[in-house]
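First up is the structure itself, then whatever we jot down about it.
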Amino acid sequence: MTDPKSFLTSIFNAAVAAADPEKTIRNHLPAKPKGRTVVIGAGKGSAQMAAAFEKVWDGPIDGLVVTRYGYGARCERIEIIEAAHPVPDAAGLEASRRLLEKVRGLTAEDLVVALISGGGSALLPSPAPGLTLGDEIAVNEALLASGAPIAAMNTIRKHVSTIKGGRLAAAAHPARVVSLVVSDIPGDNPALVASGPTVPDTGSRADALASIAAYGMKLPASVMAHIQSPAADAPRSDDLRFAGNEVHLTASAGVSLEAAAAEAERQGIQAVILSDAIEGEAREVGGVHAAIAREVATRNRPFAKPVLILSGGETTVTLRGKGKGGRNSEFLLAFAIGIDGVNGIHALAADTDGIDGSENNAGAFANGSTVARMRAAGVDAKAMLAGNNAWTAFNAVGDLFVPGPTGTNVNDLRAILIR
């Protein structure tokens with residue numbers, strides 16, 4: 001076996017490879033239309049999905065997709081626009097306007113292929129009448145600080161938008177819309193990925209209001225007034241404008257975790273998958289994973305060593321401080337504190353899109369010596385965790401994981417090796 005960091009990196013790479021757009025899109029190509037084929041899309045993996053679609057689609061196409069700054073890909077017939085994530089900007093507002101314009105005026109003989117991946121919620125600001133881009137920015141900032149699960153966040157986003165919640169597909173009617181979705185949502189509900197611009201669901205504004213209250217969100221008065229009015233209602237899933245549309249899940253956390261497990265076993269390490277849909281506060285989930293790892297390391301239960309413990313899903317971070325970091329590095333800092341001084345445990349927590357939070361790392365590595373090494377570098381791990389400053393803590397000991405943009409997004413990967 002190679003060194004633990006190399007091994008864990010190979011596990012991450014196997015998970016990402018299982019969600020490779022060219023491989024997965026090829027298996028879900030729709031029937032060709034009599035009329036035009038228009039490609040639209042949004043998300044951190046949408047540009048790579050567009051490039052893959054161009055390679056495998058045998059016929060004329062044109063289109064437009066929006067992705068995060070720095071996540072573009074070379075396309076010949078599909079235009080790529082880059083915009084801000086996780087907080088929207090004017091470039092995203094213009095992209096939303098152009099996407100809606102792109103699908104208007106189509107006929108029943110035309111086909112719209114929607115390439116949707118995680119991150120599309122922030123990349124598609126399109127304020128409802130009476131609201132502004134500033135309102136959407138305020139909503140996103142409040143959501144990101146709230147600690148609410150992604151499903152609740154996206155239900156709220158759908159009710160302040162003219163493009164989310166199936167509205168982009170409704171604008172394309174009567175053209176047939178086929179959505180190819182890379183899921184970063186625990187439970188893989190495609191209507192929640194990127195707040196479902198082409199896939200409606202049953203979430204209501206009453207659900208949105210309940211989540212706002214439950215997580216103590218402070219939203220602008222104009223936003224609250226809108227959500228409380230019938231004007232906020234999103235199209236229902238039984239709306240006839242969606243009849244005949246198709247939705248295909250092309251990649252997910254579950255498939256990628258299985259690929260990661262297979263790679264570990266190819267290298268001679270037994271692998272177990274706890275779940276592909278773990279949610280909750282990142283630091284609390286980190287503490288639970290640490291307790292499991294300690295039990296295996298010290299008592300050889302509930303799994304026998306050597307073993308690789310895998311999990312996926314999307315944790316949340318309730319902001320208490322103003323430090324740097326993301327949910328994976330925060331998870332791992334809590335995990336490192338929980339395994340402090342225990343030998344034989346090595347872990348990687350990373351976002352499969354290559355970016356964790358606001359910095360350029362996907363996550364970080366940790367082992368039983370991490371907290372001691374931080375202390376030697378003048379860093380108090382617990383103080384860093386209290387201030388949501390996990391990036392600074394791991395940067396101090398050179399344990400950030402920086403693979404760069406991966407071209408996909410199937411949520412978080414947590415890999416814990418116990419030797």
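Chain lettering (A, B, ...) mirrors the order of the structure tokens, residue numbering begins at 1 for each chain separately, and ligand numbering begins at 1 in order of display.
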**Report entry** Near-Gly120 of chain A list (6 Å; only C-alpha atoms; drop same-chain fewer than 6 positions) as number ranges by chain
**Finding:** A: 42-43, 194
Taking all heavy atoms for each residue, export the selection above as a short mmCIF file (atom, residue, chain, number, x, y, z; two decimals), in the first residue's frame.
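Heads up, here's the output in out05.cif:
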data_model
loop_
_atom_site.label_atom_id
_atom_site.label_comp_id
_atom_site.auth_asym_id
_atom_site.auth_seq_id
_atom_site.Cartn_x
_atom_site.Cartn_y
_atom_site.Cartn_z
N ALA A 42 -27.04 24.62 -16.08
CA ALA A 42 -26.51 25.42 -14.99
C ALA A 42 -25.93 24.51 -13.93
O ALA A 42 -26.46 23.43 -13.67
CB ALA A 42 -27.61 26.29 -14.37
N GLY A 43 -24.81 24.93 -13.35
CA GLY A 43 -24.19 24.18 -12.27
C GLY A 43 -22.69 24.15 -12.40
O GLY A 43 -22.12 24.53 -13.42
N ALA A 194 -29.94 22.18 -7.94
CA ALA A 194 -29.93 23.53 -8.51
C ALA A 194 -31.29 24.22 -8.37
O ALA A 194 -31.65 25.08 -9.16
CB ALA A 194 -29.50 23.50 -9.98
#
Report task. For Arg419 of chain A, please output as a PyMOL selection string all residues within 8 Å (counting only C-alpha atoms; exclusion window: fewer than 4 positions along the same chain). Result -> chain A and resi 297+305-307+344-345
Query raised in the report: Contacts of Asn409 of chain A at 9 Å or less, counting only C-alpha atoms, minus same-chain residues fewer than 4 places along, as a ChimeraX atom specification?
Result: /A:16,19,43-45,117-119,182-184,251-253,351-354
Query - Residues flagged helix (DSSP H, G or I) by DSSP in segment 285-336 of chain A, as an NGL selection string - result: :A and (285-299 or 327-336)
Query - Shell of 6 Å around Pro197 of chain A, only C-alpha atoms, local chain residues under 2 positions omitted, as a list in words - result: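 In the requested format, the answer is Ile163, Lys164, Gly165, Gly166, Arg167, Leu168 and Val199 of chain A.
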Selection to disk with N, CA and C atoms, as a PDB file, in the first residue's frame:
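File written: again01.pdb
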ATOM      1  N   ILE A 163     -37.098  31.556 -12.501  1.00  0.00           N
ATOM      2  CA  ILE A 163     -36.460  30.535 -13.329  1.00  0.00           C
ATOM      3  C   ILE A 163     -36.382  29.178 -12.634  1.00  0.00           C
ATOM      4  N   LYS A 164     -36.363  29.172 -11.300  1.00  0.00           N
ATOM      5  CA  LYS A 164     -36.255  27.926 -10.545  1.00  0.00           C
ATOM      6  C   LYS A 164     -37.642  27.294 -10.355  1.00  0.00           C
ATOM      7  N   GLY A 165     -37.660  26.103  -9.738  1.00  0.00           N
ATOM      8  CA  GLY A 165     -38.932  25.452  -9.458  1.00  0.00           C
ATOM      9  C   GLY A 165     -39.693  25.040 -10.706  1.00  0.00           C
ATOM     10  N   GLY A 166     -38.987  24.654 -11.772  1.00  0.00           N
ATOM     11  CA  GLY A 166     -39.625  24.206 -13.004  1.00  0.00           C
ATOM     12  C   GLY A 166     -39.964  25.310 -13.978  1.00  0.00           C
ATOM     13  N   ARG A 167     -39.715  26.566 -13.604  1.00  0.00           N
ATOM     14  CA  ARG A 167     -40.147  27.676 -14.451  1.00  0.00           C
ATOM     15  C   ARG A 167     -39.379  27.759 -15.769  1.00  0.00           C
ATOM     16  N   LEU A 168     -38.112  27.308 -15.789  1.00  0.00           N
ATOM     17  CA  LEU A 168     -37.349  27.328 -17.038  1.00  0.00           C
ATOM     18  C   LEU A 168     -37.941  26.331 -18.036  1.00  0.00           C
ATOM     19  N   VAL A 199     -37.313  20.994 -13.308  1.00  0.00           N
ATOM     20  CA  VAL A 199     -38.019  19.873 -12.675  1.00  0.00           C
ATOM     21  C   VAL A 199     -38.829  20.397 -11.488  1.00  0.00           C
TER      22      VAL A 199
END
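Atom CA of Ser237 of chain A to atom CA of His173 of chain A spans 14.1 Å [interatomic distance, one decimal].
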Requested in this report: Compile the contact shell of segment 80-82 of chain A as number ranges by chain: residues with an atom at most 10 Å away, counting only C-alpha atoms, same-chain residues fewer than 3 positions apart removed.
Outcome: A: 40-44, 46-48, 50-51, 63-77, 85, 91-92, 94-95, 123
What would the file look like if the residues just selected were written as a CSV table (one decimal), in the first residue's frame with N, CA, C and O atoms?
chain,number,residue,atom,x,y,z
A,40,ILE,N,-29.4,23.7,-22.8
A,40,ILE,CA,-29.3,24.7,-21.7
A,40,ILE,C,-28.7,24.0,-20.5
A,40,ILE,O,-28.6,22.8,-20.4
A,41,GLY,N,-28.2,24.8,-19.5
A,41,GLY,CA,-27.7,24.2,-18.3
A,41,GLY,C,-27.2,25.1,-17.3
A,41,GLY,O,-27.0,26.3,-17.6
A,42,ALA,N,-27.0,24.6,-16.1
A,42,ALA,CA,-26.5,25.4,-15.0
A,42,ALA,C,-25.9,24.5,-13.9
A,42,ALA,O,-26.5,23.4,-13.7
A,43,GLY,N,-24.8,24.9,-13.3
A,43,GLY,CA,-24.2,24.2,-12.3
A,43,GLY,C,-22.7,24.1,-12.4
A,43,GLY,O,-22.1,24.5,-13.4
A,44,LYS,N,-22.0,23.7,-11.3
A,44,LYS,CA,-20.6,23.6,-11.3
A,44,LYS,C,-20.0,22.6,-12.3
A,44,LYS,O,-18.8,22.6,-12.6
A,46,SER,N,-21.7,22.0,-15.3
A,46,SER,CA,-22.5,22.1,-16.5
A,46,SER,C,-21.6,22.3,-17.8
A,46,SER,O,-22.0,21.8,-18.9
A,47,ALA,N,-20.5,23.0,-17.6
A,47,ALA,CA,-19.6,23.2,-18.8
A,47,ALA,C,-19.0,21.9,-19.3
A,47,ALA,O,-19.0,21.6,-20.5
A,48,GLN,N,-18.6,21.1,-18.4
A,48,GLN,CA,-18.0,19.8,-18.8
A,48,GLN,C,-19.1,18.9,-19.3
A,48,GLN,O,-18.9,18.1,-20.2
A,50,ALA,N,-21.7,20.0,-21.0
A,50,ALA,CA,-21.9,20.5,-22.3
A,50,ALA,C,-20.8,20.0,-23.3
A,50,ALA,O,-21.2,19.6,-24.4
A,51,ALA,N,-19.6,20.0,-22.9
A,51,ALA,CA,-18.5,19.6,-23.8
A,51,ALA,C,-18.7,18.1,-24.1
A,51,ALA,O,-18.5,17.6,-25.2
A,63,GLY,N,-26.7,26.2,-28.0
A,63,GLY,CA,-27.2,26.3,-26.6
A,63,GLY,C,-26.3,27.3,-25.7
A,63,GLY,O,-25.4,28.0,-26.2
A,64,LEU,N,-26.7,27.2,-24.4
A,64,LEU,CA,-26.1,28.2,-23.5
A,64,LEU,C,-26.1,27.5,-22.1
A,64,LEU,O,-27.2,27.0,-21.7
A,65,VAL,N,-25.0,27.5,-21.4
A,65,VAL,CA,-25.0,27.0,-20.0
A,65,VAL,C,-24.2,28.0,-19.2
A,65,VAL,O,-23.3,28.7,-19.7
A,66,VAL,N,-24.5,28.0,-17.9
A,66,VAL,CA,-23.8,28.9,-16.9
A,66,VAL,C,-23.1,28.0,-15.9
A,66,VAL,O,-23.7,27.1,-15.4
A,67,THR,N,-21.8,28.4,-15.6
A,67,THR,CA,-21.1,27.7,-14.5
A,67,THR,C,-20.3,28.7,-13.7
A,67,THR,O,-20.4,29.9,-13.9
A,68,ARG,N,-19.7,28.2,-12.7
A,68,ARG,CA,-18.9,29.0,-11.8
A,68,ARG,C,-17.7,29.6,-12.4
A,68,ARG,O,-17.1,28.9,-13.3
A,69,TYR,N,-17.2,30.7,-12.0
A,69,TYR,CA,-16.0,31.3,-12.5
A,69,TYR,C,-14.8,30.3,-12.3
A,69,TYR,O,-14.7,29.7,-11.3
A,70,GLY,N,-14.1,30.1,-13.4
A,70,GLY,CA,-13.0,29.1,-13.4
A,70,GLY,C,-13.4,27.7,-13.7
A,70,GLY,O,-12.5,26.8,-13.8
A,71,TYR,N,-14.6,27.4,-13.9
A,71,TYR,CA,-15.1,26.1,-14.2
A,71,TYR,C,-15.5,25.8,-15.6
A,71,TYR,O,-16.2,24.8,-16.0
A,72,GLY,N,-15.1,26.7,-16.5
A,72,GLY,CA,-15.5,26.6,-17.9
A,72,GLY,C,-14.8,25.5,-18.6
A,72,GLY,O,-13.9,24.8,-18.1
A,73,ALA,N,-15.3,25.2,-19.8
A,73,ALA,CA,-14.7,24.1,-20.7
A,73,ALA,C,-14.9,24.6,-22.1
A,73,ALA,O,-15.7,25.4,-22.5
A,74,ARG,N,-14.0,24.0,-23.0
A,74,ARG,CA,-14.0,24.4,-24.4
A,74,ARG,C,-15.2,23.7,-25.1
A,74,ARG,O,-15.3,22.5,-25.1
A,75,CYS,N,-16.1,24.5,-25.7
A,75,CYS,CA,-17.2,24.0,-26.5
A,75,CYS,C,-17.2,24.7,-27.8
A,75,CYS,O,-16.8,25.9,-27.9
A,76,GLU,N,-17.7,24.1,-28.8
A,76,GLU,CA,-17.7,24.7,-30.2
A,76,GLU,C,-19.1,25.2,-30.5
A,76,GLU,O,-19.2,26.2,-31.2
A,77,ARG,N,-20.2,24.6,-30.0
A,77,ARG,CA,-21.5,25.0,-30.4
A,77,ARG,C,-22.4,25.5,-29.2
A,77,ARG,O,-23.4,26.1,-29.4
A,85,HIS,N,-20.5,32.1,-7.5
A,85,HIS,CA,-21.0,31.0,-6.6
A,85,HIS,C,-20.1,31.1,-5.4
A,85,HIS,O,-18.9,31.2,-5.5
A,91,ALA,N,-23.5,38.8,-13.5
A,91,ALA,CA,-23.3,37.8,-14.6
A,91,ALA,C,-24.3,36.7,-14.6
A,91,ALA,O,-24.8,36.2,-15.6
A,92,GLY,N,-24.6,36.2,-13.4
A,92,GLY,CA,-25.6,35.2,-13.2
A,92,GLY,C,-27.0,35.7,-13.6
A,92,GLY,O,-27.8,34.9,-14.2
A,94,GLU,N,-27.7,38.0,-15.8
A,94,GLU,CA,-27.7,38.1,-17.3
A,94,GLU,C,-27.8,36.7,-17.9
A,94,GLU,O,-28.5,36.4,-18.9
A,95,ALA,N,-27.1,35.7,-17.3
A,95,ALA,CA,-27.2,34.3,-17.8
A,95,ALA,C,-28.7,33.8,-17.7
A,95,ALA,O,-29.2,33.1,-18.6
A,123,LEU,N,-26.0,30.2,-9.3
A,123,LEU,CA,-25.7,30.7,-10.7
A,123,LEU,C,-26.9,31.2,-11.5
A,123,LEU,O,-26.7,31.8,-12.5
Could you pull out all residues of segment 66-265 of chain A with a DSSP call of strand (DSSP E or B) and give them as an mmCIF file with N, CA, C and O atoms, in the first residue's frame?
data_model
loop_
_atom_site.group_PDB
_atom_site.id
_atom_site.type_symbol
_atom_site.label_atom_id
_atom_site.label_comp_id
_atom_site.auth_asym_id
_atom_site.auth_seq_id
_atom_site.Cartn_x
_atom_site.Cartn_y
_atom_site.Cartn_z
ATOM 1 N N VAL A 66 -24.462 27.976 -17.874
ATOM 2 C CA VAL A 66 -23.764 28.863 -16.945
ATOM 3 C C VAL A 66 -23.088 28.016 -15.874
ATOM 4 O O VAL A 66 -23.670 27.066 -15.361
ATOM 5 N N THR A 67 -21.842 28.366 -15.571
ATOM 6 C CA THR A 67 -21.085 27.653 -14.549
ATOM 7 C C THR A 67 -20.331 28.653 -13.679
ATOM 8 O O THR A 67 -20.361 29.864 -13.928
ATOM 9 N N ARG A 68 -19.670 28.155 -12.675
ATOM 10 C CA ARG A 68 -18.913 29.004 -11.752
ATOM 11 C C ARG A 68 -17.658 29.556 -12.430
ATOM 12 O O ARG A 68 -17.085 28.924 -13.321
ATOM 13 N N ILE A 78 -21.939 25.241 -28.017
ATOM 14 C CA ILE A 78 -22.675 25.642 -26.826
ATOM 15 C C ILE A 78 -21.884 26.740 -26.128
ATOM 16 O O ILE A 78 -20.711 26.566 -25.787
ATOM 17 N N GLU A 79 -22.520 27.871 -25.913
ATOM 18 C CA GLU A 79 -21.849 28.995 -25.260
ATOM 19 C C GLU A 79 -21.768 28.755 -23.755
ATOM 20 O O GLU A 79 -22.733 28.330 -23.127
ATOM 21 N N ILE A 80 -20.619 29.056 -23.188
ATOM 22 C CA ILE A 80 -20.397 28.916 -21.747
ATOM 23 C C ILE A 80 -20.296 30.302 -21.127
ATOM 24 O O ILE A 80 -19.481 31.127 -21.541
ATOM 25 N N ILE A 81 -21.130 30.542 -20.128
ATOM 26 C CA ILE A 81 -21.056 31.781 -19.355
ATOM 27 C C ILE A 81 -20.607 31.425 -17.943
ATOM 28 O O ILE A 81 -21.039 30.412 -17.390
ATOM 29 N N GLU A 82 -19.737 32.247 -17.372
ATOM 30 C CA GLU A 82 -19.302 32.024 -15.995
ATOM 31 C C GLU A 82 -19.881 33.116 -15.092
ATOM 32 O O GLU A 82 -19.993 34.273 -15.501
ATOM 33 N N ALA A 83 -20.258 32.691 -13.878
ATOM 34 C CA ALA A 83 -20.866 33.617 -12.931
ATOM 35 C C ALA A 83 -20.433 33.239 -11.514
ATOM 36 O O ALA A 83 -19.682 32.277 -11.311
ATOM 37 N N LEU A 111 -36.532 20.070 -29.246
ATOM 38 C CA LEU A 111 -36.042 19.386 -28.044
ATOM 39 C C LEU A 111 -35.141 20.329 -27.262
ATOM 40 O O LEU A 111 -34.239 20.957 -27.827
ATOM 41 N N VAL A 112 -35.379 20.410 -25.969
ATOM 42 C CA VAL A 112 -34.489 21.135 -25.061
ATOM 43 C C VAL A 112 -33.807 20.114 -24.164
ATOM 44 O O VAL A 112 -34.469 19.323 -23.487
ATOM 45 N N VAL A 113 -32.483 20.101 -24.169
ATOM 46 C CA VAL A 113 -31.704 19.242 -23.284
ATOM 47 C C VAL A 113 -31.133 20.112 -22.175
ATOM 48 O O VAL A 113 -30.369 21.048 -22.447
ATOM 49 N N ALA A 114 -31.532 19.833 -20.945
ATOM 50 C CA ALA A 114 -31.089 20.622 -19.794
ATOM 51 C C ALA A 114 -30.016 19.854 -19.032
ATOM 52 O O ALA A 114 -30.255 18.738 -18.572
ATOM 53 N N LEU A 115 -28.845 20.452 -18.901
ATOM 54 C CA LEU A 115 -27.702 19.841 -18.210
ATOM 55 C C LEU A 115 -27.594 20.512 -16.840
ATOM 56 O O LEU A 115 -27.123 21.646 -16.723
ATOM 57 N N ILE A 116 -28.042 19.820 -15.818
ATOM 58 C CA ILE A 116 -28.201 20.422 -14.495
ATOM 59 C C ILE A 116 -27.289 19.733 -13.485
ATOM 60 O O ILE A 116 -27.262 18.508 -13.388
ATOM 61 N N SER A 117 -26.554 20.540 -12.715
ATOM 62 C CA SER A 117 -25.715 19.996 -11.645
ATOM 63 C C SER A 117 -25.737 20.948 -10.454
ATOM 64 O O SER A 117 -26.226 22.077 -10.542
ATOM 65 N N PRO A 127 -34.733 37.316 -9.971
ATOM 66 C CA PRO A 127 -35.679 37.739 -8.937
ATOM 67 C C PRO A 127 -37.115 37.817 -9.437
ATOM 68 O O PRO A 127 -37.377 38.229 -10.577
ATOM 69 N N SER A 161 -38.050 33.233 -7.237
ATOM 70 C CA SER A 161 -37.389 33.175 -8.533
ATOM 71 C C SER A 161 -38.384 33.099 -9.685
ATOM 72 O O SER A 161 -39.504 32.613 -9.527
ATOM 73 N N ARG A 176 -40.315 19.654 -25.983
ATOM 74 C CA ARG A 176 -40.047 18.588 -25.018
ATOM 75 C C ARG A 176 -38.733 18.904 -24.305
ATOM 76 O O ARG A 176 -37.746 19.276 -24.943
ATOM 77 N N VAL A 177 -38.715 18.751 -22.988
ATOM 78 C CA VAL A 177 -37.520 19.039 -22.187
ATOM 79 C C VAL A 177 -37.018 17.739 -21.570
ATOM 80 O O VAL A 177 -37.768 17.047 -20.869
ATOM 81 N N VAL A 178 -35.775 17.413 -21.830
ATOM 82 C CA VAL A 178 -35.126 16.248 -21.233
ATOM 83 C C VAL A 178 -34.015 16.753 -20.330
ATOM 84 O O VAL A 178 -33.062 17.391 -20.797
ATOM 85 N N SER A 179 -34.148 16.519 -19.033
ATOM 86 C CA SER A 179 -33.164 16.991 -18.051
ATOM 87 C C SER A 179 -32.202 15.868 -17.701
ATOM 88 O O SER A 179 -32.621 14.783 -17.306
ATOM 89 N N LEU A 180 -30.919 16.131 -17.860
ATOM 90 C CA LEU A 180 -29.860 15.211 -17.454
ATOM 91 C C LEU A 180 -29.229 15.807 -16.201
ATOM 92 O O LEU A 180 -28.621 16.880 -16.254
ATOM 93 N N VAL A 181 -29.385 15.137 -15.076
ATOM 94 C CA VAL A 181 -29.100 15.725 -13.775
ATOM 95 C C VAL A 181 -27.988 14.975 -13.059
ATOM 96 O O VAL A 181 -28.040 13.745 -12.922
ATOM 97 N N VAL A 182 -26.985 15.721 -12.606
ATOM 98 C CA VAL A 182 -25.956 15.191 -11.710
ATOM 99 C C VAL A 182 -26.349 15.602 -10.301
ATOM 100 O O VAL A 182 -26.369 16.792 -9.978
ATOM 101 N N GLU A 246 -38.830 14.514 -19.702
ATOM 102 C CA GLU A 246 -38.107 13.396 -19.093
ATOM 103 C C GLU A 246 -37.032 13.929 -18.155
ATOM 104 O O GLU A 246 -36.466 15.001 -18.387
ATOM 105 N N VAL A 247 -36.751 13.149 -17.118
ATOM 106 C CA VAL A 247 -35.682 13.476 -16.173
ATOM 107 C C VAL A 247 -34.830 12.233 -15.973
ATOM 108 O O VAL A 247 -35.354 11.158 -15.661
ATOM 109 N N HIS A 248 -33.519 12.367 -16.170
ATOM 110 C CA HIS A 248 -32.602 11.240 -16.002
ATOM 111 C C HIS A 248 -31.490 11.622 -15.033
ATOM 112 O O HIS A 248 -30.821 12.651 -15.229
ATOM 113 N N LEU A 249 -31.303 10.837 -13.997
ATOM 114 C CA LEU A 249 -30.197 11.034 -13.062
ATOM 115 C C LEU A 249 -28.966 10.353 -13.652
ATOM 116 O O LEU A 249 -28.915 9.128 -13.771
ATOM 117 N N THR A 250 -27.972 11.138 -14.061
ATOM 118 C CA THR A 250 -26.811 10.567 -14.748
ATOM 119 C C THR A 250 -25.664 10.225 -13.803
ATOM 120 O O THR A 250 -24.810 9.407 -14.148
ATOM 121 N N ALA A 251 -25.626 10.854 -12.650
ATOM 122 C CA ALA A 251 -24.564 10.563 -11.675
ATOM 123 C C ALA A 251 -25.072 10.951 -10.295
ATOM 124 O O ALA A 251 -25.912 11.835 -10.152
#
Give me the segment 182-240 of chain A side of the contact with segment 314-322 of chain A, cut-off 10 Å, one line per residue showing its nearest atom pair and distance in Å at one decimal, counting only C-alpha atoms, sorted by chain and residue number, as a Markdown table.
| residue | atom | partner | partner_atom | distance |
| --- | --- | --- | --- | --- |
| A:Asp184 | CA | A:Glu314 | CA | 7.8 |
| A:Ile185 | CA | A:Glu314 | CA | 7.2 |
| A:Pro186 | CA | A:Glu314 | CA | 6.6 |
| A:Tyr215 | CA | A:Thr318 | CA | 9.9 |
Please save N, CA, C and O atoms of the selected residues as a short mmCIF file (atom, residue, chain, number, x, y, z; two decimals), in the first residue's frame.
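out_8.cif, written as the output of this step:
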data_model
loop_
_atom_site.label_atom_id
_atom_site.label_comp_id
_atom_site.auth_asym_id
_atom_site.auth_seq_id
_atom_site.Cartn_x
_atom_site.Cartn_y
_atom_site.Cartn_z
N ASP A 184 -26.33 16.32 -6.39
CA ASP A 184 -25.54 16.60 -5.19
C ASP A 184 -26.46 16.72 -3.99
O ASP A 184 -26.10 17.33 -2.98
N ILE A 185 -27.64 16.13 -4.09
CA ILE A 185 -28.66 16.25 -3.06
C ILE A 185 -28.82 14.92 -2.31
O ILE A 185 -29.04 13.88 -2.95
N PRO A 186 -28.73 14.90 -0.99
CA PRO A 186 -29.03 13.67 -0.25
C PRO A 186 -30.43 13.16 -0.60
O PRO A 186 -31.40 13.91 -0.53
N TYR A 215 -35.30 27.94 11.13
CA TYR A 215 -33.86 28.22 11.20
C TYR A 215 -33.57 29.68 11.52
O TYR A 215 -32.42 30.12 11.42
#
Report summary line: atom CA of Glu359 of chain A sits from atom CA of Phe12 of chain A at a separation of 18.8 Å
Requested in this report: Would you list the contacts of segment 134-148 of chain A as a VMD selection string, taking every protein, DNA or RNA residue within 9 Å and counting only C-alpha atoms, but skipping same-chain residues closer than 4 positions in sequence?
Outcome: chain A and resid 86 to 89 122 125 to 127 152 to 153 156 to 157 160 to 161 211 to 212 214 to 220 222 to 223 280 to 281 315 to 320
**Report entry** Spatial neighbours of Ala334 of chain A, max dist 12 Å, only C-alpha atoms, sep filter under 3 positions, as an MDAnalysis selection string
**Finding:** chainID A and resid 281:291 327:331 337:340 347 349 366:367 370:371 381:386 388:390 393:394
Query - Nearest to Leu106 of chain A by atom-to-atom distance, counting only C-alpha atoms, from A:Gly35, A:Gly130, A:Pro149, A:Pro4 - result: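 Of the candidates, the smallest distance to Leu106 of chain A is held by A:Gly35.
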Query raised in the report: Nearest to Pro33 of chain A: which of A:Leu417, A:Ile150, A:Ala175, A:Ile11 is it, counting only C-alpha atoms?
Result: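 Checking each of A:Leu417, A:Ile150, A:Ala175, A:Ile11 against Pro33 of chain A, counting only C-alpha atoms, the winner is A:Ala175.
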